[in-house]
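Below is the file final_7.txt, which contains compact mmCIF, C-alpha atoms.
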# COMPACT_ATOMS: atom_id res chain seq x y z
CA LEU A 1194 109.42 119.81 92.79
CA HIS A 1195 110.36 116.37 94.07
CA CYS A 1196 109.73 114.84 90.64
CA TYR A 1197 112.04 117.43 89.08
CA SER A 1198 114.78 116.44 91.51
CA LEU A 1199 114.39 112.77 90.62
CA ILE A 1200 114.57 113.43 86.88
CA HIS A 1201 117.79 115.40 87.29
CA ASP A 1202 119.18 112.92 89.85
CA ASP A 1203 118.88 110.08 87.31
CA MET A 1204 120.80 111.89 84.57
CA PRO A 1205 124.29 110.75 83.47
CA CYS A 1206 126.02 113.70 85.14
CA MET A 1207 124.46 112.73 88.48
CA ASP A 1208 123.60 109.10 89.43
CA ASN A 1209 123.22 107.85 85.84
CA ASP A 1210 120.27 105.55 86.61
CA ASP A 1211 118.28 103.91 83.84
CA TYR A 1212 115.01 103.25 85.73
CA ARG A 1213 112.67 105.12 88.03
CA ARG A 1214 109.36 103.84 89.42
CA GLY A 1215 109.60 100.75 87.22
CA GLN A 1216 109.89 102.76 84.00
CA PRO A 1217 112.86 103.98 81.96
CA SER A 1218 114.13 107.19 83.52
CA CYS A 1219 113.26 110.38 81.68
CA HIS A 1220 116.57 110.79 79.83
CA ARG A 1221 116.41 107.12 78.74
CA ARG A 1222 112.79 107.22 77.64
CA PHE A 1223 113.38 110.47 75.74
CA ASP A 1224 116.81 112.15 75.76
CA GLU A 1225 119.02 114.27 78.01
CA HIS A 1226 117.86 117.69 76.86
CA THR A 1227 114.21 116.68 77.31
CA ALA A 1228 114.95 115.42 80.82
CA LEU A 1229 116.79 118.62 81.69
CA LEU A 1230 113.94 120.82 80.45
CA ALA A 1231 111.25 118.63 82.02
CA GLY A 1232 112.96 119.01 85.38
CA ASP A 1233 113.26 122.76 84.89
CA ALA A 1234 109.57 122.97 83.98
CA LEU A 1235 108.48 121.06 87.09
CA ASN A 1236 110.73 123.20 89.28
CA THR A 1237 109.21 126.46 88.11
CA ALA A 1238 105.68 124.98 88.08
CA ALA A 1239 105.96 124.33 91.83
CA PHE A 1240 106.36 128.06 92.49
CA GLU A 1241 103.47 128.84 90.14
CA VAL A 1242 101.25 126.54 92.19
CA VAL A 1243 102.28 128.29 95.40
CA ALA A 1244 101.78 131.77 93.88
CA GLN A 1245 98.26 130.87 92.72
CA ALA A 1246 97.15 129.20 95.97
CA ALA A 1247 93.83 130.38 97.37
CA LEU A 1248 95.50 131.87 100.43
CA PRO A 1249 96.35 135.35 101.75
CA ALA A 1250 99.38 136.96 100.13
CA GLU A 1251 101.42 136.63 103.36
CA SER A 1252 100.85 132.87 103.40
CA ARG A 1253 101.89 132.55 99.76
CA VAL A 1254 105.09 134.50 100.38
CA CYS A 1255 105.93 132.32 103.41
CA ALA A 1256 105.27 129.20 101.33
CA ALA A 1257 107.47 130.40 98.48
CA GLN A 1258 110.26 131.19 100.93
CA ALA A 1259 110.02 127.73 102.50
CA LEU A 1260 110.02 126.05 99.09
CA ALA A 1261 113.04 128.01 97.87
CA ARG A 1262 114.95 127.42 101.10
CA GLY A 1263 114.26 123.67 101.15
CA ALA A 1264 115.04 123.10 97.48
CA GLY A 1265 117.86 125.57 96.99
CA ALA A 1266 121.52 126.02 97.81
CA ARG A 1267 120.90 125.78 101.57
CA GLY A 1268 118.72 122.70 101.23
CA MET A 1269 118.33 119.92 98.68
CA LEU A 1270 120.91 121.24 96.20
CA PHE A 1271 123.52 121.42 98.95
CA GLY A 1272 122.68 117.83 99.85
CA GLN A 1273 123.10 116.79 96.22
CA GLU A 1274 126.49 118.48 96.10
CA LEU A 1275 127.55 116.61 99.24
CA ASP A 1276 126.24 113.39 97.69
CA LYS A 1277 128.52 113.81 94.68
CA ARG A 1278 131.46 114.77 96.86
CA PHE A 1279 131.17 111.65 98.98
CA GLU A 1280 131.38 109.41 95.94
CA THR A 1281 135.14 109.99 96.06
CA VAL A 1282 135.65 110.90 99.75
CA ARG A 1283 134.51 108.67 102.59
CA ALA A 1284 131.90 110.39 104.75
CA THR A 1285 131.89 110.34 108.52
CA GLU A 1286 128.70 109.67 110.46
CA ALA A 1287 128.18 113.40 111.07
CA GLU A 1288 128.77 114.21 107.40
CA LEU A 1289 126.36 111.52 106.27
CA LEU A 1290 123.66 112.82 108.61
CA SER A 1291 124.22 116.35 107.32
CA LEU A 1292 124.04 115.15 103.72
CA HIS A 1293 120.67 113.49 104.17
CA ARG A 1294 119.17 116.28 106.26
CA HIS A 1295 119.80 118.43 103.20
CA LYS A 1296 118.48 116.02 100.53
CA THR A 1297 115.06 114.38 100.78
CA GLY A 1298 115.00 115.44 104.42
CA ALA A 1299 114.94 119.09 103.36
CA LEU A 1300 111.90 118.49 101.16
CA ILE A 1301 110.04 116.63 103.91
CA LEU A 1302 110.77 119.52 106.25
CA THR A 1303 109.52 121.93 103.58
CA ALA A 1304 106.26 120.00 103.30
CA VAL A 1305 105.60 120.63 106.99
CA GLN A 1306 106.48 124.31 106.61
CA LEU A 1307 104.11 124.63 103.64
CA GLY A 1308 101.33 123.27 105.81
CA ALA A 1309 102.21 125.78 108.49
CA ALA A 1310 102.10 128.60 105.94
CA ALA A 1311 98.65 127.48 104.80
CA ALA A 1312 97.26 127.13 108.33
CA PRO A 1313 99.39 129.24 110.70
CA GLY A 1314 99.50 127.85 114.22
CA GLY A 1315 102.54 129.56 115.68
CA ASP A 1316 105.88 128.20 116.83
CA ALA A 1317 104.24 125.99 119.45
CA VAL A 1318 102.77 123.89 116.64
CA LEU A 1319 105.51 124.29 114.05
CA ALA A 1320 108.53 123.42 116.21
CA PRO A 1321 107.50 119.82 117.07
CA LEU A 1322 106.32 119.25 113.51
CA GLU A 1323 109.74 120.34 112.23
CA ARG A 1324 111.41 117.89 114.64
CA TYR A 1325 109.09 115.18 113.36
CA ALA A 1326 109.93 116.01 109.74
CA ALA A 1327 113.69 116.06 110.39
CA GLU A 1328 113.58 112.60 111.99
CA LEU A 1329 111.28 111.27 109.28
CA GLY A 1330 113.69 112.44 106.58
CA LEU A 1331 116.47 110.36 108.15
CA VAL A 1332 114.18 107.33 108.43
CA PHE A 1333 113.34 107.65 104.74
CA GLN A 1334 116.99 107.75 103.70
CA ILE A 1335 118.17 104.97 106.01
CA VAL A 1336 115.45 102.69 104.65
CA ASP A 1337 116.43 103.77 101.12
CA ASP A 1338 120.00 102.65 101.81
CA ILE A 1339 118.73 99.32 103.16
CA LEU A 1340 116.51 98.70 100.14
CA ASP A 1341 119.39 99.48 97.79
CA VAL A 1342 121.15 96.33 98.99
CA THR A 1343 118.18 94.10 99.85
CA SER A 1344 115.59 94.75 97.15
CA THR A 1345 115.39 94.16 93.40
CA LEU A 1346 114.76 96.35 90.37
CA ASP A 1347 111.29 94.82 89.90
CA ALA A 1348 110.29 95.42 93.52
CA LEU A 1349 111.91 98.82 93.97
CA GLY A 1350 111.25 100.27 90.52
CA LYS A 1351 114.80 101.64 90.24
CA PRO A 1352 118.30 100.11 90.05
CA THR A 1353 119.66 98.47 93.17
CA ASN A 1354 123.26 98.30 94.40
CA SER A 1355 123.81 101.67 92.74
CA ASP A 1356 125.33 103.10 95.92
CA ALA A 1357 128.01 100.40 95.95
CA GLN A 1358 128.70 100.91 92.25
CA ASN A 1359 129.20 104.62 92.89
CA ASP A 1360 131.28 103.84 96.01
CA LYS A 1361 129.01 105.97 98.20
CA THR A 1362 129.08 106.04 101.96
CA THR A 1363 125.67 104.91 103.20
CA PHE A 1364 124.11 104.01 106.52
CA VAL A 1365 124.59 100.36 105.56
CA THR A 1366 128.31 100.77 104.85
CA LEU A 1367 128.71 102.58 108.18
CA TYR A 1368 126.55 100.37 110.40
CA GLY A 1369 125.76 97.18 108.49
CA LEU A 1370 122.23 96.03 107.71
CA ALA A 1371 121.24 95.23 111.30
CA GLY A 1372 122.70 98.48 112.59
CA ALA A 1373 120.98 100.51 109.88
CA ARG A 1374 117.63 98.91 110.68
CA ASP A 1375 118.11 99.68 114.38
CA LEU A 1376 119.05 103.28 113.56
CA ALA A 1377 115.92 103.71 111.40
CA ALA A 1378 113.77 102.41 114.24
CA ARG A 1379 115.36 104.84 116.71
CA HIS A 1380 114.78 107.84 114.45
CA ASN A 1381 111.21 106.68 113.87
CA LYS A 1382 110.61 106.62 117.62
CA ALA A 1383 112.08 110.12 117.88
CA ALA A 1384 109.68 111.31 115.18
CA LEU A 1385 106.72 109.88 117.07
CA ARG A 1386 107.90 111.44 120.33
CA ALA A 1387 107.96 114.84 118.63
CA LEU A 1388 104.26 114.43 117.81
CA ASP A 1389 103.47 114.07 121.52
CA ASP A 1390 103.92 117.85 121.74
CA VAL A 1391 101.35 118.57 119.02
CA ARG A 1392 97.91 119.36 120.38
CA ALA A 1393 96.04 118.16 117.34
CA ASP A 1394 95.06 114.94 115.61
CA THR A 1395 98.35 113.33 114.53
CA ALA A 1396 96.97 109.94 113.48
CA PHE A 1397 97.87 110.44 109.82
CA LEU A 1398 101.41 111.57 110.63
CA ARG A 1399 101.94 108.59 112.91
CA GLU A 1400 100.62 106.21 110.27
CA MET A 1401 102.90 107.75 107.64
CA ALA A 1402 105.93 107.34 109.89
CA GLY A 1403 105.13 103.66 110.36
CA GLU A 1404 104.65 103.10 106.64
CA LEU A 1405 107.94 104.80 105.76
CA LEU A 1406 109.77 102.62 108.26
CA GLN A 1407 108.27 99.45 106.74
CA ARG A 1408 108.22 100.47 103.08
CA GLN A 1409 109.45 98.07 100.42
CA LYS A 1410 109.75 100.51 97.54
Reformat the file's structure so that it appears as structure tokens.
Amino acid sequence: LHCYSLIHDDMPCMDNDDYRRGQPSCHRRFDEHTALLAGDALNTAAFEVVAQAALPAESRVCAAQALARGAGARGMLFGQELDKRFETVRATEAELLSLHRHKTGALILTAVQLGAAAAPGGDAVLAPLERYAAELGLVFQIVDDILDVTSTLDALGKPTNSDAQNDKTTFVTLYGLAGARDLAARHNKAALRALDDVRADTAFLREMAGELLQRQK
């Protein structure tokens, strides 16, 4: 589902990017109609995977609901719409936070909810994990904004300075590089604090948070 969103995000009607993960983006390597259909195929395939999971029917329904909510008009698609809007209108801090909670942040939150559907643990487990995911989504996007102005195409695998070319409001344009780095660190700490309320082994989640904060691509 995430790969579908990237294929569509790169298309001329969206961000019009020529590279992704160091390779020509799908519509450049092939053509626009192939990219459109490839994204559609991956989108529907995600729900097929959920429907065929070796889990009780109730778990599969909960997973499908979480996936649809996170990817749909109340989640990632709403974030994408806000992203396009704020190419022409300057976003406030609150609007920028809302935008990114609904983009990649919505999919990270969905990933946690899918895990909860597969291994139900009740609200006592899910609530802190959802707080963790929400903070982690903001860390991911803040770092993305930083890399857009500090990295290179070879290192990042996708075009840099594209936000400036599209006149987008980003965490860097709002806070500057130093301020954006400080903000990412604060949200990372908030994500780790949320895990303190999880009575389970959170070593992997803590390691992932640290890697996302320090990522270079």
Contact residues around Cys1219 of chain A with only C-alpha atoms at 9 Å, ignoring same-chain residues under 5 positions, as a compact mmCIF listing (two decimals) with C-alpha atoms, keeping the file's coordinate frame:
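The resulting file, out-v7.txt, is reproduced below:
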# COMPACT_ATOMS: atom_id res chain seq x y z
CA ILE A 1200 114.57 113.43 86.88
CA HIS A 1201 117.79 115.40 87.29
CA ASP A 1203 118.88 110.08 87.31
CA MET A 1204 120.80 111.89 84.57
CA ASP A 1211 118.28 103.91 83.84
CA TYR A 1212 115.01 103.25 85.73
CA ARG A 1213 112.67 105.12 88.03
CA ASP A 1224 116.81 112.15 75.76
CA GLU A 1225 119.02 114.27 78.01
CA THR A 1227 114.21 116.68 77.31
CA ALA A 1228 114.95 115.42 80.82
CA LEU A 1229 116.79 118.62 81.69
CA ALA A 1231 111.25 118.63 82.02
Report task. Give the answer as one residue: which of A:Ala1396, A:Ala1402, A:Gly1330, A:Ala1311 has the shortest atom-to-atom distance to Ala1250 of chain A, using all atoms listed in the file? Result -> A:Ala1311
Query raised in the report: So which one's closest to Glu1288 of chain A, A:Leu1275, A:Met1401, A:Ala1256, A:Cys1196? Using only C-alpha atoms, please.
Result: A:Leu1275
Query - Between atom CA of Asn1209 of chain A and atom CA of Gly1350 of chain A, distance in Å (one decimal) - result: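 Spanning atom CA of Asn1209 of chain A to atom CA of Gly1350 of chain A is a straight-line distance of 14.9 Å.
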Query raised in the report: Taking all atoms listed in the file into account, which of A:Asp1208, A:Ser1198, A:Gln1216, A:Cys1255 comes nearest Ser1355 of chain A?
Result: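 Answer, going by the shortest atom-to-atom distance: A:Asp1208.
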Which residues of segment 1230-1342 of chain A have any atom within 6 Å of an atom in segment 1374-1390 of chain A when counting all atoms listed in the file, and what is the closest pair of atoms for each, with the distance in Å to one decimal? Order the rows by chain and rising number and write it as CSV.
residue,atom,partner,partner_atom,distance
A:Pro1321,CA,A:Ala1387,CA,5.2
A:Tyr1325,CA,A:Ala1384,CA,4.3
A:Glu1328,CA,A:Ala1384,CA,5.2
A:Val1332,CA,A:Ala1377,CA,5.0
A:Ile1335,CA,A:Ala1377,CA,6.0
For the selection just defined, write its residues with C-alpha atoms to a file, as a compact mmCIF listing (two decimals), in the frame of the given file.
# COMPACT_ATOMS: atom_id res chain seq x y z
CA PRO A 1321 107.50 119.82 117.07
CA TYR A 1325 109.09 115.18 113.36
CA GLU A 1328 113.58 112.60 111.99
CA VAL A 1332 114.18 107.33 108.43
CA ILE A 1335 118.17 104.97 106.01
Query - Atomic separation - atom CA of Asp1337 of chain A relative to atom CA of His1220 of chain A, Å - result: 22.4 Å
Report task. Fewer than 3 positions away in the same chain doesn't count, so skip those; otherwise give me all residues within 12 Å of Ala1304 of chain A, counting only C-alpha atoms, as number ranges by chain. Result -> A: 1194-1195, 1256-1257, 1259-1264, 1297-1301, 1307-1311, 1319, 1322-1323, 1325-1327, 1329-1330
Query raised in the report: Expressed in Å to a single decimal, how great is the separation between atom CA of Glu1241 of chain A and atom CA of Glu1274 of chain A?
Result: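 Separating atom CA of Glu1241 of chain A from atom CA of Glu1274 of chain A is a distance of 25.9 Å.
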To box segment 1196-1210 of chain A, take all atoms listed in the file, fit an axis-aligned box, add 5 Å on each side, and give centre and edge lengths in Å to one decimal, as AutoDock Vina command-line options.
--center_x 117.9 --center_y 111.5 --center_z 87.5 --size_x 26.3 --size_y 21.9 --size_z 18.0
Query - Closest of A:Leu1370, A:Ala1317, A:Val1336, A:Ala1348 to Ala1393 of chain A - atom-to-atom distances counting only C-alpha atoms - result: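 Looking at the shortest contact to Ala1393 of chain A, the residue is A:Ala1317.
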**Report entry** Which residue of A:Asp1316, A:Asp1202, A:Asp1233, A:Glu1251 approaches Ser1218 of chain A most closely, using all atoms listed in the file
**Finding:**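 Distance minimum relative to Ser1218 of chain A lands on A:Asp1202.
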Query raised in the report: Within 10 Å of Thr1237 of chain A, counting all atoms listed in the file, which residues qualify if same-chain residues fewer than 5 places away don't, as a count of residues only?
Result: 4
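Using all atoms listed in the file, the smallest distance between any of A:Val1365, A:Leu1346, A:Ala1320, A:Leu1290 and Lys1410 of chain A comes from A:Leu1346.
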Report task. Find the spatial neighbours of Ala1287 of chain A, counting only C-alpha atoms, within a cut-off of 12 Å - ignore same-chain residues fewer than 4 positions away - and output them as a ChimeraX atom specification. Result -> /A:1283,1291-1294,1362-1364,1367
For the selection you just gave me, I'd like the residues written to a file as a PDB file, in the coordinates of the input, keeping C-alpha atoms.
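Here's the written file selection-v8.pdb:
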ATOM      1  CA  ARG A1283     134.510 108.670 102.590  1.00  0.00           C
ATOM      2  CA  SER A1291     124.220 116.350 107.320  1.00  0.00           C
ATOM      3  CA  LEU A1292     124.040 115.150 103.720  1.00  0.00           C
ATOM      4  CA  HIS A1293     120.670 113.490 104.170  1.00  0.00           C
ATOM      5  CA  ARG A1294     119.170 116.280 106.260  1.00  0.00           C
ATOM      6  CA  THR A1362     129.080 106.040 101.960  1.00  0.00           C
ATOM      7  CA  THR A1363     125.670 104.910 103.200  1.00  0.00           C
ATOM      8  CA  PHE A1364     124.110 104.010 106.520  1.00  0.00           C
ATOM      9  CA  LEU A1367     128.710 102.580 108.180  1.00  0.00           C
TER      10      LEU A1367
END
Starting from the sparse input, extend segment 1247-1258 of chain A to all heavy atoms and give the output as a PDB file, keeping the file's coordinate frame.
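Saved as out39.pdb:
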ATOM      1  N   ALA A1247      94.944 129.580  96.853  1.00  0.00           N
ATOM      2  CA  ALA A1247      93.830 130.380  97.370  1.00  0.00           C
ATOM      3  C   ALA A1247      94.058 130.700  98.837  1.00  0.00           C
ATOM      4  O   ALA A1247      93.342 130.237  99.731  1.00  0.00           O
ATOM      5  CB  ALA A1247      92.525 129.626  97.183  1.00  0.00           C
ATOM      6  N   LEU A1248      95.093 131.509  99.079  1.00  0.00           N
ATOM      7  CA  LEU A1248      95.500 131.870 100.430  1.00  0.00           C
ATOM      8  C   LEU A1248      95.856 133.356 100.469  1.00  0.00           C
ATOM      9  O   LEU A1248      96.117 133.961  99.424  1.00  0.00           O
ATOM     10  CB  LEU A1248      96.745 131.059 100.846  1.00  0.00           C
ATOM     11  CG  LEU A1248      96.566 129.554 101.052  1.00  0.00           C
ATOM     12  CD1 LEU A1248      97.923 128.878 101.160  1.00  0.00           C
ATOM     13  CD2 LEU A1248      95.729 129.282 102.293  1.00  0.00           C
ATOM     14  N   PRO A1249      95.906 133.948 101.653  1.00  0.00           N
ATOM     15  CA  PRO A1249      96.350 135.350 101.750  1.00  0.00           C
ATOM     16  C   PRO A1249      97.756 135.503 101.192  1.00  0.00           C
ATOM     17  O   PRO A1249      98.560 134.563 101.199  1.00  0.00           O
ATOM     18  CB  PRO A1249      96.311 135.620 103.255  1.00  0.00           C
ATOM     19  CG  PRO A1249      95.347 134.616 103.805  1.00  0.00           C
ATOM     20  CD  PRO A1249      95.490 133.394 102.953  1.00  0.00           C
ATOM     21  N   ALA A1250      98.065 136.699 100.737  1.00  0.00           N
ATOM     22  CA  ALA A1250      99.380 136.960 100.130  1.00  0.00           C
ATOM     23  C   ALA A1250     100.520 136.618 101.087  1.00  0.00           C
ATOM     24  O   ALA A1250     101.551 136.080 100.678  1.00  0.00           O
ATOM     25  CB  ALA A1250      99.466 138.429  99.708  1.00  0.00           C
ATOM     26  N   GLU A1251     100.356 136.924 102.378  1.00  0.00           N
ATOM     27  CA  GLU A1251     101.420 136.630 103.360  1.00  0.00           C
ATOM     28  C   GLU A1251     101.707 135.135 103.422  1.00  0.00           C
ATOM     29  O   GLU A1251     102.862 134.720 103.500  1.00  0.00           O
ATOM     30  CB  GLU A1251     101.018 137.152 104.737  1.00  0.00           C
ATOM     31  CG  GLU A1251     102.098 136.944 105.788  1.00  0.00           C
ATOM     32  CD  GLU A1251     101.699 137.524 107.138  1.00  0.00           C
ATOM     33  OE1 GLU A1251     100.655 138.200 107.227  1.00  0.00           O
ATOM     34  OE2 GLU A1251     102.445 137.294 108.103  1.00  0.00           O
ATOM     35  N   SER A1252     100.661 134.328 103.367  1.00  0.00           N
ATOM     36  CA  SER A1252     100.850 132.870 103.400  1.00  0.00           C
ATOM     37  C   SER A1252     101.572 132.389 102.154  1.00  0.00           C
ATOM     38  O   SER A1252     102.439 131.506 102.221  1.00  0.00           O
ATOM     39  CB  SER A1252      99.490 132.168 103.515  1.00  0.00           C
ATOM     40  OG  SER A1252      98.891 132.441 104.763  1.00  0.00           O
ATOM     41  N   ARG A1253     101.244 132.961 101.001  1.00  0.00           N
ATOM     42  CA  ARG A1253     101.890 132.550  99.760  1.00  0.00           C
ATOM     43  C   ARG A1253     103.369 132.929  99.756  1.00  0.00           C
ATOM     44  O   ARG A1253     104.212 132.167  99.282  1.00  0.00           O
ATOM     45  CB  ARG A1253     101.166 133.170  98.567  1.00  0.00           C
ATOM     46  CG  ARG A1253      99.851 132.451  98.226  1.00  0.00           C
ATOM     47  CD  ARG A1253      99.153 133.086  97.047  1.00  0.00           C
ATOM     48  NE  ARG A1253      98.353 134.238  97.485  1.00  0.00           N
ATOM     49  CZ  ARG A1253      98.127 135.311  96.750  1.00  0.00           C
ATOM     50  NH1 ARG A1253      98.671 135.427  95.553  1.00  0.00           N
ATOM     51  NH2 ARG A1253      97.374 136.289  97.206  1.00  0.00           N
ATOM     52  N   VAL A1254     103.685 134.088 100.298  1.00  0.00           N
ATOM     53  CA  VAL A1254     105.090 134.500 100.380  1.00  0.00           C
ATOM     54  C   VAL A1254     105.861 133.562 101.316  1.00  0.00           C
ATOM     55  O   VAL A1254     106.964 133.117 100.994  1.00  0.00           O
ATOM     56  CB  VAL A1254     105.203 135.961 100.873  1.00  0.00           C
ATOM     57  CG1 VAL A1254     106.654 136.310 101.222  1.00  0.00           C
ATOM     58  CG2 VAL A1254     104.688 136.911  99.800  1.00  0.00           C
ATOM     59  N   CYS A1255     105.278 133.252 102.465  1.00  0.00           N
ATOM     60  CA  CYS A1255     105.930 132.320 103.410  1.00  0.00           C
ATOM     61  C   CYS A1255     106.136 130.959 102.760  1.00  0.00           C
ATOM     62  O   CYS A1255     107.178 130.323 102.941  1.00  0.00           O
ATOM     63  CB  CYS A1255     105.084 132.184 104.674  1.00  0.00           C
ATOM     64  SG  CYS A1255     105.108 133.633 105.747  1.00  0.00           S
ATOM     65  N   ALA A1256     105.159 130.500 102.002  1.00  0.00           N
ATOM     66  CA  ALA A1256     105.270 129.200 101.330  1.00  0.00           C
ATOM     67  C   ALA A1256     106.367 129.222 100.284  1.00  0.00           C
ATOM     68  O   ALA A1256     107.162 128.266 100.173  1.00  0.00           O
ATOM     69  CB  ALA A1256     103.931 128.824 100.700  1.00  0.00           C
ATOM     70  N   ALA A1257     106.433 130.295  99.498  1.00  0.00           N
ATOM     71  CA  ALA A1257     107.470 130.400  98.480  1.00  0.00           C
ATOM     72  C   ALA A1257     108.858 130.443  99.107  1.00  0.00           C
ATOM     73  O   ALA A1257     109.814 129.834  98.597  1.00  0.00           O
ATOM     74  CB  ALA A1257     107.241 131.638  97.618  1.00  0.00           C
ATOM     75  N   GLN A1258     108.987 131.149 100.224  1.00  0.00           N
ATOM     76  CA  GLN A1258     110.260 131.190 100.930  1.00  0.00           C
ATOM     77  C   GLN A1258     110.664 129.806 101.415  1.00  0.00           C
ATOM     78  O   GLN A1258     111.829 129.393 101.285  1.00  0.00           O
ATOM     79  CB  GLN A1258     110.180 132.161 102.116  1.00  0.00           C
ATOM     80  CG  GLN A1258     110.146 133.627 101.719  1.00  0.00           C
ATOM     81  CD  GLN A1258     109.972 134.534 102.919  1.00  0.00           C
ATOM     82  OE1 GLN A1258     109.310 134.172 103.894  1.00  0.00           O
ATOM     83  NE2 GLN A1258     110.558 135.716 102.848  1.00  0.00           N
TER      84      GLN A1258
END
